[in-house]
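Shown next: work.txt, containing compact mmCIF, N, CA and C atoms.
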# COMPACT_ATOMS: atom_id res chain seq x y z
N MET L 283 117.09 93.78 111.70
CA MET L 283 117.53 94.94 112.45
C MET L 283 117.33 94.64 113.93
N SER L 284 118.35 94.92 114.69
CA SER L 284 118.26 94.60 116.11
C SER L 284 117.32 95.58 116.81
N LEU L 285 116.77 95.11 117.89
CA LEU L 285 115.87 95.94 118.69
C LEU L 285 116.60 97.20 119.16
N HIS L 286 117.89 97.05 119.43
CA HIS L 286 118.69 98.20 119.87
C HIS L 286 118.65 99.34 118.85
N TRP L 287 118.85 99.02 117.57
CA TRP L 287 118.88 100.06 116.54
C TRP L 287 117.50 100.65 116.30
N ILE L 288 116.47 99.83 116.41
CA ILE L 288 115.11 100.35 116.28
C ILE L 288 114.85 101.35 117.39
N LEU L 289 115.24 101.00 118.60
CA LEU L 289 115.07 101.89 119.74
C LEU L 289 115.86 103.18 119.56
N VAL L 290 117.11 103.06 119.12
CA VAL L 290 117.95 104.25 118.92
C VAL L 290 117.32 105.19 117.89
N LEU L 291 116.87 104.64 116.76
CA LEU L 291 116.26 105.46 115.72
C LEU L 291 114.96 106.11 116.22
N THR L 292 114.15 105.34 116.93
CA THR L 292 112.89 105.87 117.45
C THR L 292 113.15 107.00 118.44
N VAL L 293 114.07 106.78 119.37
CA VAL L 293 114.39 107.81 120.37
C VAL L 293 114.95 109.06 119.69
N THR L 294 115.80 108.86 118.70
CA THR L 294 116.38 110.00 117.98
C THR L 294 115.29 110.81 117.28
N LEU L 295 114.40 110.13 116.59
CA LEU L 295 113.32 110.85 115.90
C LEU L 295 112.39 111.54 116.90
N LEU L 296 112.08 110.89 118.02
CA LEU L 296 111.24 111.52 119.03
C LEU L 296 111.93 112.74 119.63
N HIS L 297 113.23 112.64 119.82
CA HIS L 297 113.98 113.79 120.33
C HIS L 297 113.90 114.96 119.35
N ILE L 298 114.05 114.67 118.08
CA ILE L 298 113.96 115.72 117.06
C ILE L 298 112.57 116.34 117.08
N LEU L 299 111.54 115.49 117.19
CA LEU L 299 110.16 116.00 117.19
C LEU L 299 109.91 116.91 118.39
N THR L 300 110.41 116.54 119.56
CA THR L 300 110.14 117.33 120.76
C THR L 300 111.06 118.53 120.87
N ALA L 301 112.16 118.55 120.17
CA ALA L 301 113.10 119.66 120.25
C ALA L 301 112.59 120.91 119.54
N GLN L 302 111.62 120.75 118.64
CA GLN L 302 111.04 121.87 117.89
C GLN L 302 112.04 122.54 116.95
N THR L 303 113.23 122.01 116.84
CA THR L 303 114.19 122.50 115.86
C THR L 303 114.47 121.34 114.91
N VAL L 304 113.60 121.19 113.97
CA VAL L 304 113.63 120.02 113.10
C VAL L 304 114.55 120.28 111.91
N PRO L 305 115.62 119.52 111.78
CA PRO L 305 116.50 119.66 110.62
C PRO L 305 115.87 118.92 109.43
N VAL L 306 114.81 119.51 108.88
CA VAL L 306 114.02 118.84 107.86
C VAL L 306 114.87 118.43 106.66
N ASN L 307 115.74 119.31 106.20
CA ASN L 307 116.57 118.96 105.04
C ASN L 307 117.41 117.73 105.33
N GLY L 308 117.93 117.62 106.55
CA GLY L 308 118.70 116.44 106.94
C GLY L 308 117.86 115.18 106.89
N ILE L 309 116.62 115.27 107.33
CA ILE L 309 115.72 114.12 107.30
C ILE L 309 115.48 113.69 105.85
N TYR L 310 115.21 114.65 104.98
CA TYR L 310 114.97 114.31 103.58
C TYR L 310 116.21 113.70 102.92
N GLU L 311 117.38 114.23 103.26
CA GLU L 311 118.62 113.69 102.69
C GLU L 311 118.85 112.26 103.17
N ASP L 312 118.64 112.02 104.47
CA ASP L 312 118.80 110.67 105.01
C ASP L 312 117.78 109.71 104.40
N MET L 313 116.55 110.19 104.26
CA MET L 313 115.52 109.35 103.67
C MET L 313 115.86 109.00 102.23
N LYS L 314 116.34 109.97 101.49
CA LYS L 314 116.72 109.74 100.09
C LYS L 314 117.83 108.69 100.00
N ARG L 315 118.79 108.76 100.93
CA ARG L 315 119.87 107.75 100.94
C ARG L 315 119.30 106.35 101.17
N SER L 316 118.37 106.22 102.12
CA SER L 316 117.76 104.91 102.38
C SER L 316 116.96 104.43 101.18
N ILE L 317 116.22 105.32 100.55
CA ILE L 317 115.44 104.95 99.37
C ILE L 317 116.37 104.55 98.23
N ASP L 318 117.47 105.26 98.06
CA ASP L 318 118.44 104.90 97.02
C ASP L 318 118.98 103.48 97.24
N VAL L 319 119.29 103.15 98.50
CA VAL L 319 119.78 101.80 98.82
C VAL L 319 118.70 100.77 98.46
N LEU L 320 117.46 101.07 98.83
CA LEU L 320 116.37 100.13 98.55
C LEU L 320 116.11 99.99 97.05
N GLN L 321 116.29 101.07 96.29
CA GLN L 321 116.08 100.99 94.85
C GLN L 321 117.14 100.11 94.19
N LYS L 322 118.33 100.07 94.76
CA LYS L 322 119.39 99.23 94.21
C LYS L 322 119.26 97.77 94.64
N ALA L 323 118.52 97.54 95.72
CA ALA L 323 118.36 96.18 96.24
C ALA L 323 117.33 95.42 95.40
N ASP L 324 117.45 94.11 95.44
CA ASP L 324 116.49 93.26 94.76
C ASP L 324 115.60 92.57 95.78
N CYS L 325 114.32 92.51 95.47
CA CYS L 325 113.37 91.80 96.31
C CYS L 325 113.52 90.30 96.04
N LYS L 326 113.64 89.51 97.11
CA LYS L 326 113.84 88.06 96.90
C LYS L 326 112.62 87.40 96.28
N GLU L 327 111.45 87.99 96.43
CA GLU L 327 110.23 87.51 95.75
C GLU L 327 110.09 88.33 94.47
N HIS L 328 110.63 87.84 93.38
CA HIS L 328 110.74 88.62 92.15
C HIS L 328 109.40 89.07 91.58
N ASP L 329 108.34 88.34 91.85
CA ASP L 329 107.04 88.71 91.30
C ASP L 329 106.15 89.42 92.32
N ALA L 330 106.74 89.84 93.45
CA ALA L 330 105.97 90.51 94.50
C ALA L 330 105.45 91.86 94.00
N GLU L 331 104.23 92.17 94.40
CA GLU L 331 103.62 93.46 94.10
C GLU L 331 103.08 94.05 95.39
N PHE L 332 103.10 95.38 95.44
CA PHE L 332 102.70 96.07 96.65
C PHE L 332 101.75 97.21 96.30
N TYR L 333 100.80 97.45 97.21
CA TYR L 333 99.87 98.55 97.00
C TYR L 333 100.63 99.86 97.04
N SER L 334 100.41 100.68 96.03
CA SER L 334 101.18 101.90 95.88
C SER L 334 100.31 103.01 95.30
N PRO L 335 99.41 103.57 96.13
CA PRO L 335 98.57 104.66 95.63
C PRO L 335 99.40 105.86 95.20
N SER L 336 98.91 106.56 94.21
CA SER L 336 99.69 107.64 93.59
C SER L 336 99.64 108.96 94.34
N GLY L 337 98.65 109.15 95.19
CA GLY L 337 98.55 110.40 95.92
C GLY L 337 97.79 111.47 95.17
N THR L 338 97.07 111.07 94.13
CA THR L 338 96.26 112.05 93.41
C THR L 338 94.99 112.35 94.20
N ASP L 339 94.23 113.30 93.74
CA ASP L 339 92.96 113.69 94.37
C ASP L 339 93.14 114.15 95.81
N GLY L 340 94.23 114.85 96.10
CA GLY L 340 94.43 115.38 97.44
C GLY L 340 94.78 114.32 98.47
N CYS L 341 95.29 113.20 98.04
CA CYS L 341 95.55 112.07 98.94
C CYS L 341 97.04 111.81 99.15
N ILE L 342 97.87 112.82 99.06
CA ILE L 342 99.31 112.60 99.18
C ILE L 342 99.66 112.05 100.56
N SER L 343 99.16 112.68 101.62
CA SER L 343 99.47 112.22 102.97
C SER L 343 98.97 110.80 103.20
N ASN L 344 97.75 110.54 102.75
CA ASN L 344 97.19 109.21 102.94
C ASN L 344 97.97 108.16 102.13
N ALA L 345 98.38 108.52 100.93
CA ALA L 345 99.17 107.59 100.11
C ALA L 345 100.49 107.26 100.81
N LEU L 346 101.13 108.26 101.42
CA LEU L 346 102.37 107.99 102.16
C LEU L 346 102.09 107.11 103.37
N LYS L 347 100.97 107.35 104.03
CA LYS L 347 100.59 106.52 105.17
C LYS L 347 100.41 105.07 104.71
N CYS L 348 99.79 104.88 103.56
CA CYS L 348 99.60 103.55 102.99
C CYS L 348 100.95 102.89 102.71
N HIS L 349 101.88 103.65 102.15
CA HIS L 349 103.21 103.12 101.87
C HIS L 349 103.92 102.72 103.17
N MET L 350 103.74 103.55 104.20
CA MET L 350 104.36 103.24 105.48
C MET L 350 103.84 101.89 105.99
N LEU L 351 102.55 101.66 105.87
CA LEU L 351 101.97 100.39 106.32
C LEU L 351 102.42 99.23 105.43
N GLU L 352 102.52 99.46 104.15
CA GLU L 352 102.90 98.42 103.20
C GLU L 352 104.38 98.04 103.32
N LEU L 353 105.18 98.93 103.88
CA LEU L 353 106.61 98.62 104.06
C LEU L 353 106.82 97.39 104.94
N LYS L 354 105.88 97.09 105.82
CA LYS L 354 105.97 95.88 106.64
C LYS L 354 105.96 94.65 105.73
N SER L 355 105.08 94.65 104.73
CA SER L 355 105.03 93.54 103.76
C SER L 355 106.31 93.48 102.94
N VAL L 356 106.81 94.65 102.54
CA VAL L 356 108.05 94.70 101.77
C VAL L 356 109.18 94.05 102.56
N GLY L 357 109.30 94.41 103.82
CA GLY L 357 110.35 93.85 104.65
C GLY L 357 110.26 92.33 104.75
N GLY L 358 109.06 91.82 104.95
CA GLY L 358 108.87 90.39 105.10
C GLY L 358 109.04 89.60 103.82
N GLU L 359 108.59 90.17 102.71
CA GLU L 359 108.64 89.44 101.44
C GLU L 359 109.97 89.59 100.70
N CYS L 360 110.67 90.67 100.96
CA CYS L 360 111.84 90.96 100.15
C CYS L 360 113.18 90.69 100.81
N PHE L 361 113.26 90.77 102.12
CA PHE L 361 114.57 90.74 102.76
C PHE L 361 114.65 89.75 103.90
N ASN L 362 115.85 89.24 104.11
CA ASN L 362 116.11 88.36 105.24
C ASN L 362 116.12 89.19 106.52
N PRO L 363 115.76 88.57 107.65
CA PRO L 363 115.61 89.33 108.90
C PRO L 363 116.81 90.15 109.34
N ASN L 364 118.01 89.74 109.03
CA ASN L 364 119.20 90.47 109.50
C ASN L 364 119.91 91.23 108.39
N SER L 365 119.26 91.43 107.27
CA SER L 365 119.92 92.10 106.15
C SER L 365 120.02 93.61 106.36
N ASP L 366 121.05 94.20 105.79
CA ASP L 366 121.20 95.65 105.86
C ASP L 366 120.05 96.35 105.14
N ASP L 367 119.56 95.75 104.06
CA ASP L 367 118.46 96.35 103.32
C ASP L 367 117.21 96.48 104.19
N LEU L 368 116.97 95.50 105.05
CA LEU L 368 115.81 95.56 105.94
C LEU L 368 115.92 96.76 106.88
N LYS L 369 117.14 97.09 107.29
CA LYS L 369 117.35 98.27 108.13
C LYS L 369 116.87 99.53 107.42
N HIS L 370 117.10 99.58 106.12
CA HIS L 370 116.66 100.76 105.35
C HIS L 370 115.14 100.78 105.18
N VAL L 371 114.51 99.62 105.17
CA VAL L 371 113.05 99.57 105.17
C VAL L 371 112.52 100.19 106.46
N TYR L 372 113.09 99.80 107.60
CA TYR L 372 112.67 100.36 108.89
C TYR L 372 112.95 101.85 108.97
N ARG L 373 114.10 102.27 108.47
CA ARG L 373 114.42 103.70 108.48
C ARG L 373 113.43 104.48 107.63
N THR L 374 113.14 103.97 106.45
CA THR L 374 112.20 104.67 105.56
C THR L 374 110.84 104.78 106.21
N LYS L 375 110.41 103.72 106.86
CA LYS L 375 109.12 103.74 107.57
C LYS L 375 109.15 104.82 108.67
N ALA L 376 110.24 104.89 109.42
CA ALA L 376 110.36 105.90 110.48
C ALA L 376 110.39 107.31 109.91
N TYR L 377 111.07 107.50 108.79
CA TYR L 377 111.11 108.82 108.15
C TYR L 377 109.72 109.25 107.70
N ILE L 378 108.97 108.33 107.11
CA ILE L 378 107.60 108.66 106.67
C ILE L 378 106.77 109.05 107.88
N GLU L 379 106.88 108.28 108.94
CA GLU L 379 106.14 108.58 110.16
C GLU L 379 106.51 109.98 110.67
N PHE L 380 107.77 110.30 110.60
CA PHE L 380 108.25 111.61 111.05
C PHE L 380 107.67 112.74 110.21
N ILE L 381 107.74 112.60 108.88
CA ILE L 381 107.27 113.72 108.04
C ILE L 381 105.75 113.82 108.03
N LEU L 382 105.05 112.74 108.38
CA LEU L 382 103.59 112.81 108.46
C LEU L 382 103.11 113.32 109.81
N HIS L 383 103.98 113.39 110.78
CA HIS L 383 103.60 113.80 112.13
C HIS L 383 102.80 115.11 112.17
N PRO L 384 103.21 116.14 111.45
CA PRO L 384 102.45 117.39 111.52
C PRO L 384 101.13 117.36 110.75
N VAL L 385 100.89 116.32 109.97
CA VAL L 385 99.66 116.25 109.17
C VAL L 385 98.50 115.91 110.09
N SER L 386 97.43 116.67 109.98
CA SER L 386 96.27 116.41 110.84
C SER L 386 95.62 115.09 110.48
N GLN L 387 94.96 114.50 111.44
CA GLN L 387 94.26 113.24 111.21
C GLN L 387 93.21 113.40 110.13
N GLU L 388 92.57 114.54 110.08
CA GLU L 388 91.55 114.78 109.06
C GLU L 388 92.16 114.70 107.66
N GLN L 389 93.33 115.29 107.47
CA GLN L 389 93.99 115.25 106.18
C GLN L 389 94.45 113.84 105.83
N ALA L 390 94.88 113.08 106.83
CA ALA L 390 95.49 111.78 106.58
C ALA L 390 94.46 110.65 106.45
N ASN L 391 93.19 110.91 106.71
CA ASN L 391 92.19 109.84 106.69
C ASN L 391 91.00 110.15 105.79
N LEU L 392 91.23 110.76 104.67
CA LEU L 392 90.14 111.07 103.76
C LEU L 392 89.47 109.80 103.27
N LYS L 393 88.16 109.78 103.25
CA LYS L 393 87.40 108.58 102.89
C LYS L 393 87.65 108.13 101.45
N HIS L 394 87.83 109.07 100.53
CA HIS L 394 88.00 108.70 99.12
C HIS L 394 89.42 108.26 98.78
N CYS L 395 90.30 108.25 99.76
CA CYS L 395 91.68 107.83 99.54
C CYS L 395 91.83 106.37 99.95
N SER L 396 92.08 105.53 98.99
CA SER L 396 92.16 104.11 99.27
C SER L 396 93.60 103.60 99.15
N CYS L 397 93.98 102.75 100.09
CA CYS L 397 95.31 102.14 100.03
C CYS L 397 95.35 101.00 99.02
N GLU L 398 94.25 100.32 98.88
CA GLU L 398 94.25 99.08 98.11
C GLU L 398 93.94 99.29 96.64
N LYS L 399 94.79 100.04 96.00
CA LYS L 399 94.72 100.20 94.55
C LYS L 399 96.13 100.41 94.02
N ASN L 400 96.28 100.25 92.75
CA ASN L 400 97.57 100.46 92.09
C ASN L 400 98.68 99.54 92.61
N LEU L 401 98.56 98.26 92.32
CA LEU L 401 99.64 97.33 92.64
C LEU L 401 100.84 97.62 91.76
N LYS L 402 102.02 97.65 92.37
CA LYS L 402 103.25 97.94 91.63
C LYS L 402 104.34 96.98 92.06
N THR L 403 105.32 96.85 91.19
CA THR L 403 106.48 96.02 91.52
C THR L 403 107.26 96.67 92.66
N TYR L 404 108.17 95.92 93.22
CA TYR L 404 108.99 96.43 94.31
C TYR L 404 109.69 97.73 93.92
N LYS L 405 110.36 97.75 92.78
CA LYS L 405 111.12 98.94 92.35
C LYS L 405 110.19 100.15 92.16
N GLU L 406 109.03 99.92 91.55
CA GLU L 406 108.07 101.01 91.34
C GLU L 406 107.52 101.50 92.68
N PHE L 407 107.26 100.58 93.59
CA PHE L 407 106.77 100.93 94.93
C PHE L 407 107.76 101.85 95.65
N ILE L 408 109.04 101.44 95.66
CA ILE L 408 110.07 102.24 96.34
C ILE L 408 110.22 103.61 95.68
N SER L 409 110.22 103.64 94.37
CA SER L 409 110.33 104.89 93.63
C SER L 409 109.16 105.82 93.94
N ASN L 410 107.98 105.25 94.07
CA ASN L 410 106.78 106.05 94.34
C ASN L 410 106.83 106.71 95.72
N ILE L 411 107.51 106.08 96.66
CA ILE L 411 107.63 106.70 97.99
C ILE L 411 108.31 108.06 97.87
N TRP L 412 109.42 108.10 97.15
CA TRP L 412 110.16 109.37 97.02
C TRP L 412 109.34 110.40 96.25
N THR L 413 108.62 109.96 95.23
CA THR L 413 107.76 110.87 94.47
C THR L 413 106.72 111.50 95.39
N LEU L 414 106.11 110.70 96.25
CA LEU L 414 105.10 111.20 97.19
C LEU L 414 105.71 112.16 98.21
N VAL L 415 106.90 111.85 98.69
CA VAL L 415 107.58 112.74 99.64
C VAL L 415 107.83 114.10 98.99
N GLN L 416 108.27 114.09 97.73
CA GLN L 416 108.49 115.35 97.02
C GLN L 416 107.19 116.11 96.82
N LYS L 417 106.11 115.40 96.49
CA LYS L 417 104.81 116.05 96.32
C LYS L 417 104.35 116.67 97.64
N LEU L 418 104.50 115.94 98.73
CA LEU L 418 104.10 116.45 100.04
C LEU L 418 104.91 117.68 100.41
N ASN L 419 106.21 117.61 100.18
CA ASN L 419 107.09 118.73 100.48
C ASN L 419 106.72 119.95 99.64
N SER L 420 106.42 119.73 98.37
CA SER L 420 105.98 120.83 97.50
C SER L 420 104.69 121.46 97.98
N SER L 421 103.75 120.63 98.34
CA SER L 421 102.45 121.17 98.79
C SER L 421 102.62 121.96 100.09
N ARG L 422 103.51 121.54 100.94
CA ARG L 422 103.78 122.30 102.18
C ARG L 422 104.44 123.62 101.88
N GLU L 423 105.38 123.63 100.94
CA GLU L 423 106.06 124.87 100.57
C GLU L 423 105.06 125.86 99.97
N LEU L 424 104.12 125.38 99.17
CA LEU L 424 103.13 126.25 98.57
C LEU L 424 102.22 126.85 99.64
N LYS L 425 101.85 126.06 100.64
CA LYS L 425 100.99 126.56 101.72
C LYS L 425 101.69 127.61 102.57
N GLU L 426 103.02 127.44 102.72
CA GLU L 426 103.78 128.38 103.55
C GLU L 426 104.09 129.68 102.80
N ALA L 427 104.04 129.66 101.48
CA ALA L 427 104.38 130.85 100.69
C ALA L 427 103.29 131.90 100.72
Would you mind writing the file's structure down as structure tokens?
Amino acid sequence: MSLHWILVLTVTLLHILTAQTVPVNGIYEDMKRSIDVLQKADCKEHDAEFYSPSGTDGCISNALKCHMLELKSVGGECFNPNSDDLKHVYRTKAYIEFILHPVSQEQANLKHCSCEKNLKTYKEFISNIWTLVQKLNSSRELKEA
């Protein structure tokens, strides 16, 4: 992914964050499209495994944060530097960063939440990201109700 596109995506997300009119449904739809592309893609390292915590025990935000960090490994191990699939890895990472923005540091850094557990295959790892996003969205909806 070119530096230009990374900058464009970052500036766009920052603009959305500062505008205070967040089209959250649009973000989730775009994120789902990127995750769908990644689920259809094959990792070039067929036996690669990635840390993929489940988000149980009140650790949904932290588990997503772990996935965001682990996406760097996914990009390096699975895709060539200029591949379209790598662009979706960067987009997914940016989307996670965006949806975690309102989460307090206290919520996102619980001591009992560990990143280094539950190794999963590439496909399971990508699938788990969307599961965690849905769990986080559900928990937010319940708090707002």
- Task: Could you tell me which of L:Ser334, L:Asn344, L:Gln416, L:Ser355 comes closest to Leu401 of chain L if we count all atoms listed in the file?
- Result: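 Once distances to Leu401 of chain L are computed over all atoms listed in the file, the minimum belongs to L:Ser334.
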task = Report the distance between atom CA of Trp412 of chain L and atom C of Gly340 of chain L in Å, rounded to one decimal place.
result =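 Between atom CA of Trp412 of chain L and atom C of Gly340 of chain L the gap is 16.2 Å.
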Taken to one decimal, the atom N of Gly357 of chain L-atom C of Leu418 of chain L distance is 23.9 Å
- For Val415 of chain L, work out the shell of residues within 12 Å, counting only C-alpha atoms and skipping chain neighbours fewer than 4 positions away, then give it as a PyMOL selection string. chain L and resi 309-311+313-314+317+336-337+342-347+349-350+374+377-382+408-411+419-422
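Using only N, CA and C atoms, the nearest neighbour of Thr338 of chain L within the list L:Pro384, L:Cys360, L:Asp367, L:Cys395 is L:Cys395.
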Atom pair atom CA of Glu359 of chain L + atom N of Asn400 of chain L, distance 18.6 Å
Backbone-only DSSP, alpha helix (DSSP H) members of segment 299-381 of chain L, as a tab-separated table (two decimals) with N, CA and C atoms, keeping the file's coordinate frame:
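Contents of out_7.tsv, as written:
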chain	number	residue	atom	x	y	z
L	299	LEU	N	111.54	115.49	117.19
L	299	LEU	CA	110.16	116.00	117.19
L	299	LEU	C	109.91	116.91	118.39
L	300	THR	N	110.41	116.54	119.56
L	300	THR	CA	110.14	117.33	120.76
L	300	THR	C	111.06	118.53	120.87
L	301	ALA	N	112.16	118.55	120.17
L	301	ALA	CA	113.10	119.66	120.25
L	301	ALA	C	112.59	120.91	119.54
L	306	VAL	N	114.81	119.51	108.88
L	306	VAL	CA	114.02	118.84	107.86
L	306	VAL	C	114.87	118.43	106.66
L	307	ASN	N	115.74	119.31	106.20
L	307	ASN	CA	116.57	118.96	105.04
L	307	ASN	C	117.41	117.73	105.33
L	308	GLY	N	117.93	117.62	106.55
L	308	GLY	CA	118.70	116.44	106.94
L	308	GLY	C	117.86	115.18	106.89
L	309	ILE	N	116.62	115.27	107.33
L	309	ILE	CA	115.72	114.12	107.30
L	309	ILE	C	115.48	113.69	105.85
L	310	TYR	N	115.21	114.65	104.98
L	310	TYR	CA	114.97	114.31	103.58
L	310	TYR	C	116.21	113.70	102.92
L	311	GLU	N	117.38	114.23	103.26
L	311	GLU	CA	118.62	113.69	102.69
L	311	GLU	C	118.85	112.26	103.17
L	312	ASP	N	118.64	112.02	104.47
L	312	ASP	CA	118.80	110.67	105.01
L	312	ASP	C	117.78	109.71	104.40
L	313	MET	N	116.55	110.19	104.26
L	313	MET	CA	115.52	109.35	103.67
L	313	MET	C	115.86	109.00	102.23
L	314	LYS	N	116.34	109.97	101.49
L	314	LYS	CA	116.72	109.74	100.09
L	314	LYS	C	117.83	108.69	100.00
L	315	ARG	N	118.79	108.76	100.93
L	315	ARG	CA	119.87	107.75	100.94
L	315	ARG	C	119.30	106.35	101.17
L	316	SER	N	118.37	106.22	102.12
L	316	SER	CA	117.76	104.91	102.38
L	316	SER	C	116.96	104.43	101.18
L	317	ILE	N	116.22	105.32	100.55
L	317	ILE	CA	115.44	104.95	99.37
L	317	ILE	C	116.37	104.55	98.23
L	318	ASP	N	117.47	105.26	98.06
L	318	ASP	CA	118.44	104.90	97.02
L	318	ASP	C	118.98	103.48	97.24
L	319	VAL	N	119.29	103.15	98.50
L	319	VAL	CA	119.78	101.80	98.82
L	319	VAL	C	118.70	100.77	98.46
L	320	LEU	N	117.46	101.07	98.83
L	320	LEU	CA	116.37	100.13	98.55
L	320	LEU	C	116.11	99.99	97.05
L	321	GLN	N	116.29	101.07	96.29
L	321	GLN	CA	116.08	100.99	94.85
L	321	GLN	C	117.14	100.11	94.19
L	322	LYS	N	118.33	100.07	94.76
L	322	LYS	CA	119.39	99.23	94.21
L	322	LYS	C	119.26	97.77	94.64
L	342	ILE	N	97.87	112.82	99.06
L	342	ILE	CA	99.31	112.60	99.18
L	342	ILE	C	99.66	112.05	100.56
L	343	SER	N	99.16	112.68	101.62
L	343	SER	CA	99.47	112.22	102.97
L	343	SER	C	98.97	110.80	103.20
L	344	ASN	N	97.75	110.54	102.75
L	344	ASN	CA	97.19	109.21	102.94
L	344	ASN	C	97.97	108.16	102.13
L	345	ALA	N	98.38	108.52	100.93
L	345	ALA	CA	99.17	107.59	100.11
L	345	ALA	C	100.49	107.26	100.81
L	346	LEU	N	101.13	108.26	101.42
L	346	LEU	CA	102.37	107.99	102.16
L	346	LEU	C	102.09	107.11	103.37
L	347	LYS	N	100.97	107.35	104.03
L	347	LYS	CA	100.59	106.52	105.17
L	347	LYS	C	100.41	105.07	104.71
L	348	CYS	N	99.79	104.88	103.56
L	348	CYS	CA	99.60	103.55	102.99
L	348	CYS	C	100.95	102.89	102.71
L	349	HIS	N	101.88	103.65	102.15
L	349	HIS	CA	103.21	103.12	101.87
L	349	HIS	C	103.92	102.72	103.17
L	350	MET	N	103.74	103.55	104.20
L	350	MET	CA	104.36	103.24	105.48
L	350	MET	C	103.84	101.89	105.99
L	351	LEU	N	102.55	101.66	105.87
L	351	LEU	CA	101.97	100.39	106.32
L	351	LEU	C	102.42	99.23	105.43
L	352	GLU	N	102.52	99.46	104.15
L	352	GLU	CA	102.90	98.42	103.20
L	352	GLU	C	104.38	98.04	103.32
L	353	LEU	N	105.18	98.93	103.88
L	353	LEU	CA	106.61	98.62	104.06
L	353	LEU	C	106.82	97.39	104.94
L	354	LYS	N	105.88	97.09	105.82
L	354	LYS	CA	105.97	95.88	106.64
L	354	LYS	C	105.96	94.65	105.73
L	355	SER	N	105.08	94.65	104.73
L	355	SER	CA	105.03	93.54	103.76
L	355	SER	C	106.31	93.48	102.94
L	356	VAL	N	106.81	94.65	102.54
L	356	VAL	CA	108.05	94.70	101.77
L	356	VAL	C	109.18	94.05	102.56
L	357	GLY	N	109.30	94.41	103.82
L	357	GLY	CA	110.35	93.85	104.65
L	357	GLY	C	110.26	92.33	104.75
L	358	GLY	N	109.06	91.82	104.95
L	358	GLY	CA	108.87	90.39	105.10
L	358	GLY	C	109.04	89.60	103.82
L	359	GLU	N	108.59	90.17	102.71
L	359	GLU	CA	108.64	89.44	101.44
L	359	GLU	C	109.97	89.59	100.70
L	360	CYS	N	110.67	90.67	100.96
L	360	CYS	CA	111.84	90.96	100.15
L	360	CYS	C	113.18	90.69	100.81
L	366	ASP	N	121.05	94.20	105.79
L	366	ASP	CA	121.20	95.65	105.86
L	366	ASP	C	120.05	96.35	105.14
L	367	ASP	N	119.56	95.75	104.06
L	367	ASP	CA	118.46	96.35	103.32
L	367	ASP	C	117.21	96.48	104.19
L	368	LEU	N	116.97	95.50	105.05
L	368	LEU	CA	115.81	95.56	105.94
L	368	LEU	C	115.92	96.76	106.88
L	369	LYS	N	117.14	97.09	107.29
L	369	LYS	CA	117.35	98.27	108.13
L	369	LYS	C	116.87	99.53	107.42
L	370	HIS	N	117.10	99.58	106.12
L	370	HIS	CA	116.66	100.76	105.35
L	370	HIS	C	115.14	100.78	105.18
L	371	VAL	N	114.51	99.62	105.17
L	371	VAL	CA	113.05	99.57	105.17
L	371	VAL	C	112.52	100.19	106.46
L	372	TYR	N	113.09	99.80	107.60
L	372	TYR	CA	112.67	100.36	108.89
L	372	TYR	C	112.95	101.85	108.97
L	373	ARG	N	114.10	102.27	108.47
L	373	ARG	CA	114.42	103.70	108.48
L	373	ARG	C	113.43	104.48	107.63
L	374	THR	N	113.14	103.97	106.45
L	374	THR	CA	112.20	104.67	105.56
L	374	THR	C	110.84	104.78	106.21
L	375	LYS	N	110.41	103.72	106.86
L	375	LYS	CA	109.12	103.74	107.57
L	375	LYS	C	109.15	104.82	108.67
L	376	ALA	N	110.24	104.89	109.42
L	376	ALA	CA	110.36	105.90	110.48
L	376	ALA	C	110.39	107.31	109.91
L	377	TYR	N	111.07	107.50	108.79
L	377	TYR	CA	111.11	108.82	108.15
L	377	TYR	C	109.72	109.25	107.70
L	378	ILE	N	108.97	108.33	107.11
L	378	ILE	CA	107.60	108.66	106.67
L	378	ILE	C	106.77	109.05	107.88
L	379	GLU	N	106.88	108.28	108.94
L	379	GLU	CA	106.14	108.58	110.16
L	379	GLU	C	106.51	109.98	110.67
L	380	PHE	N	107.77	110.30	110.60
L	380	PHE	CA	108.25	111.61	111.05
L	380	PHE	C	107.67	112.74	110.21
L	381	ILE	N	107.74	112.60	108.88
L	381	ILE	CA	107.27	113.72	108.04
L	381	ILE	C	105.75	113.82	108.03
Determine, counting only N, CA and C atoms, which protein, DNA and RNA residues have an atom within 8 Å of an atom of Gln321 of chain L; residues of the same chain fewer than 3 positions away are not included. Present the result as a ChimeraX atom specification.
/L:315-318,324,404-406,408-409
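Of the residues listed (L:Pro335, L:His328, L:Ala323, L:Asp312), L:Pro335 shows the shortest atom-to-atom separation from Phe407 of chain L; distances use only C-alpha atoms.
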